[in-house]
Each structure stands twice: as C-alpha cells, then as structure tokens.
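Asker: Please find one structure pasted underneath; my questions will follow.
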Amino acid sequence: MEQEVIFNDLGKRSYKEVWDQQEALLKANADIKMAFKFGNQQFNAPETIPTLHHLLFVEHFPVYTLGKNGKEEHVLISETDRLKKGIEYFHINRGGDITFHGPGQLVGYPILDLERFKTDLGWYLRSLEEVIIKTMADYGLKGERSAGETGVWLDAHIKGKERKICAMGIKCSRWITMHGFAFNINTDLTYFDHIVPCGIQNKKVTSLAQELGRIIDFEEVKYRVKKHFEAIFPCKLIGEPA
C-alpha cells in the first residue's frame with residue numbers, strides 16, 4: 001500500500017536544531033508503536049499502527065558531523081581554525097564517519113517506519129542511493145555505487161577519478177529511521193579539504209555545479225529529488241498537517 005509521507009522544507013537551519021527535531025519525530029513514532037504493541041493484546045499487524053512518516057529538506061549552516069564509529073583523526077582542522085571559519089562540530093549517533101554540511105548542499109532526513117516499507121536496512125540505503133542516481137540522470141550524469149562504500153559516486157570504478165557527490169548515514173530504532181543523505185549541489189567544496197570525507201582516503205568530493213560547470217537551480221533539484229523519492233519507495237509526499 002502506498003504510504004503518505006509528510007514533507008517539510010525547513011530552508012536554512014542550524015544542525016542541532018534539526019537533529020533535535022528528528023529525534024523528537026522518531027521518539028513520537030516509537031512511543032506510538034510501543035503503546036500499540038503493549039497496550040493491545042490483540043496486536044499482530046504493524047500496518048495497524050498510526051505512523052506519521054516524514055521527509056525533511058534542509059540547508060545547514062557550515063558544520064562537520066562525525067558518526068558514532070568515526071575517527072577523530074579524520075578531522076584535519078584545529079578547533080581554533082574551525083571556530084575562526086565559523087564551522088560547528090558534532091559527534092552524532094548516525095553510522096558513517098566525518099562529513100560536511102553547509103550552504104548549497106541539499107540534506108534530506110527521512111523519518112520512516114520501515115515496517116510499512118521493508119525491514120531491510122540494505123534495501124533502504126540502496127533506495128536512497130537510487131533516488132540520487134535518478135536525479136543525477138536528469139542532469140545527464142551517471143551516478144554509481146562503490147562497493148562497500150555507502151553513497152553515490154561518479155567514475156566509482158576508475159582508480160584516481162572516483163568522486164563522491166552524495167554522502168549517506170542513518171540511524172534506525174524500532175525500524176524507524178533518521179539522518180539520511182547530503183547531496184552536493186552548489187556546495188563550496190573547499191570545506192572538505194579540512195576532513196577525510198567519510199573516512200575514505202585519496203578520493204575526491206564533487207558537486208552538481210562542479211560537474212556541469214554552472215550554478216544549479218536548487219529548487220529544481222529539490223523537485224526532482226522529491227519526484228524520485230515518491231517513485232522509488234513508493235509513497236506520496238503531503239504537506240504538514242494543520
């Protein structure tokens with residue numbers, strides 16, 4: 001059955017504000033699931049739970065985030081220099097290593113109950129990757145996967161030419177997801193010079209603007225990502241309830 005997903009474009013926001021929002025949405029849905037499972041002895045069907053799926057879009061102010069198993073040594077900039085540049089830093093609870101979020105980058109946070117889609121984290125990550133791969137194809141670019149490395153790349157299998165365009169990292173609790181993808185559109189790529197992106201040595205980072213040689217219409221990319229998200233999961237994106 002096609003699921004409804006509440007879509008909210010948050011515009012430009014600080015990282016911590018949106019992290020807290022994700023945590024609250026995940027907790028609200030987890031609490032509903034627990035209440036139904038333990039408050040109703042006849043419970044035997046996850047599809048009977050009134051879940052509210054969400055998809056948040058946001059552009060963050062400059063920030064480095066390190067995943068729960070990431071390595072501090074992959075942060076190459078000193079705290080003093082980082083503060084001078086106005087870059088925040090958080091050690092967070094998603095998978096993956098160090099990455100950057102900032103202006104010109106489309107960050108997507110799906111808060112989905114995978115019991116309504118498919119209880120398979122590999123499938124979920126490959127589906128997120130496919131959303132970005134389809135979007136890149138709209139711009140005439142061939143997005144690819146790299147074996148053992150989550151995210152979307154260009155020339156993933158040509159040694160020395162690999163370029164990552166979209167990083168991914170998630171958390172899942174009671175099959176409810178949070179965190180998500182960071183798709184470089186018009187991103188200032190010099191921010192990546194101060195980290196080992198995703199903990200992967202000797203591979204470059206790129207953006208749509210870098211690959212196409214022009215500034216990209218950010219709103220158009222959002223539209224295309226939403227369209228492919230609806231098709232691949234499948235679901236229907238709806239506005240925030242009144």
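Identifiers in the structure tokens: chain A, B, ... in order shown; residue index from 1 per chain; ligand index from 1 in order shown.
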Applying 12 Å and only C-alpha atoms, which residues near Glu73 of chain A remain after dropping the ones on its own chain fewer than 6 positions away? List them as a PyMOL selection string.

Answerer: chain A and resi 66+97-98+194-199

Asker: Hey, what's within 7 Å of Glu144 of chain A if we count only C-alpha atoms and toss same-chain stuff fewer than 6 positions away? As a VMD selection string, please?

Answerer: chain A and resid 133 152 to 154 156

Asker: With a cut-off of 9 Å, could you pull out the residues of segment 36-133 of chain A touching segment 163-171 of chain A and give me the nearest pair of atoms for each, distance in Å to one decimal, using only C-alpha atoms, ordered by chain and ascending number, as a Markdown table?

Answerer:
```
| residue | atom | partner | partner_atom | distance |
| --- | --- | --- | --- | --- |
| A:Gly67 | CA | A:Gly169 | CA | 7.9 |
| A:Asn93 | CA | A:Lys171 | CA | 6.8 |
| A:Arg94 | CA | A:Lys171 | CA | 4.8 |
| A:Gly95 | CA | A:Gly169 | CA | 5.1 |
| A:Gly96 | CA | A:Gly169 | CA | 5.4 |
| A:Asp97 | CA | A:Gly169 | CA | 8.4 |
| A:Thr99 | CA | A:Ala167 | CA | 7.6 |
| A:Tyr109 | CA | A:Ile170 | CA | 8.9 |
| A:Leu125 | CA | A:Met168 | CA | 8.0 |
| A:Leu128 | CA | A:Met168 | CA | 8.4 |
| A:Glu129 | CA | A:Met168 | CA | 8.3 |
| A:Ile132 | CA | A:Cys166 | CA | 7.6 |
```

Asker: Smallest atom-to-atom distance to Glu88 of chain A: which of A:Pro234, A:Gly108, A:Gly70, A:Pro62, using only C-alpha atoms?

Answerer: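 Among the listed residues, A:Pro62 lies closest to Glu88 of chain A.
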
Asker: Just the number, please: distance in Å from atom CA of Leu237 of chain A to atom CA of Phe61 of chain A, one decimal.

Answerer: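 Answer for the atom CA of Leu237 of chain A to atom CA of Phe61 of chain A separation: 25.6 Å.
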
Asker: Tell me, in Å to one decimal, how far atom CA of Cys235 of chain A is from atom CA of Glu4 of chain A.

Answerer: 5.6 Å
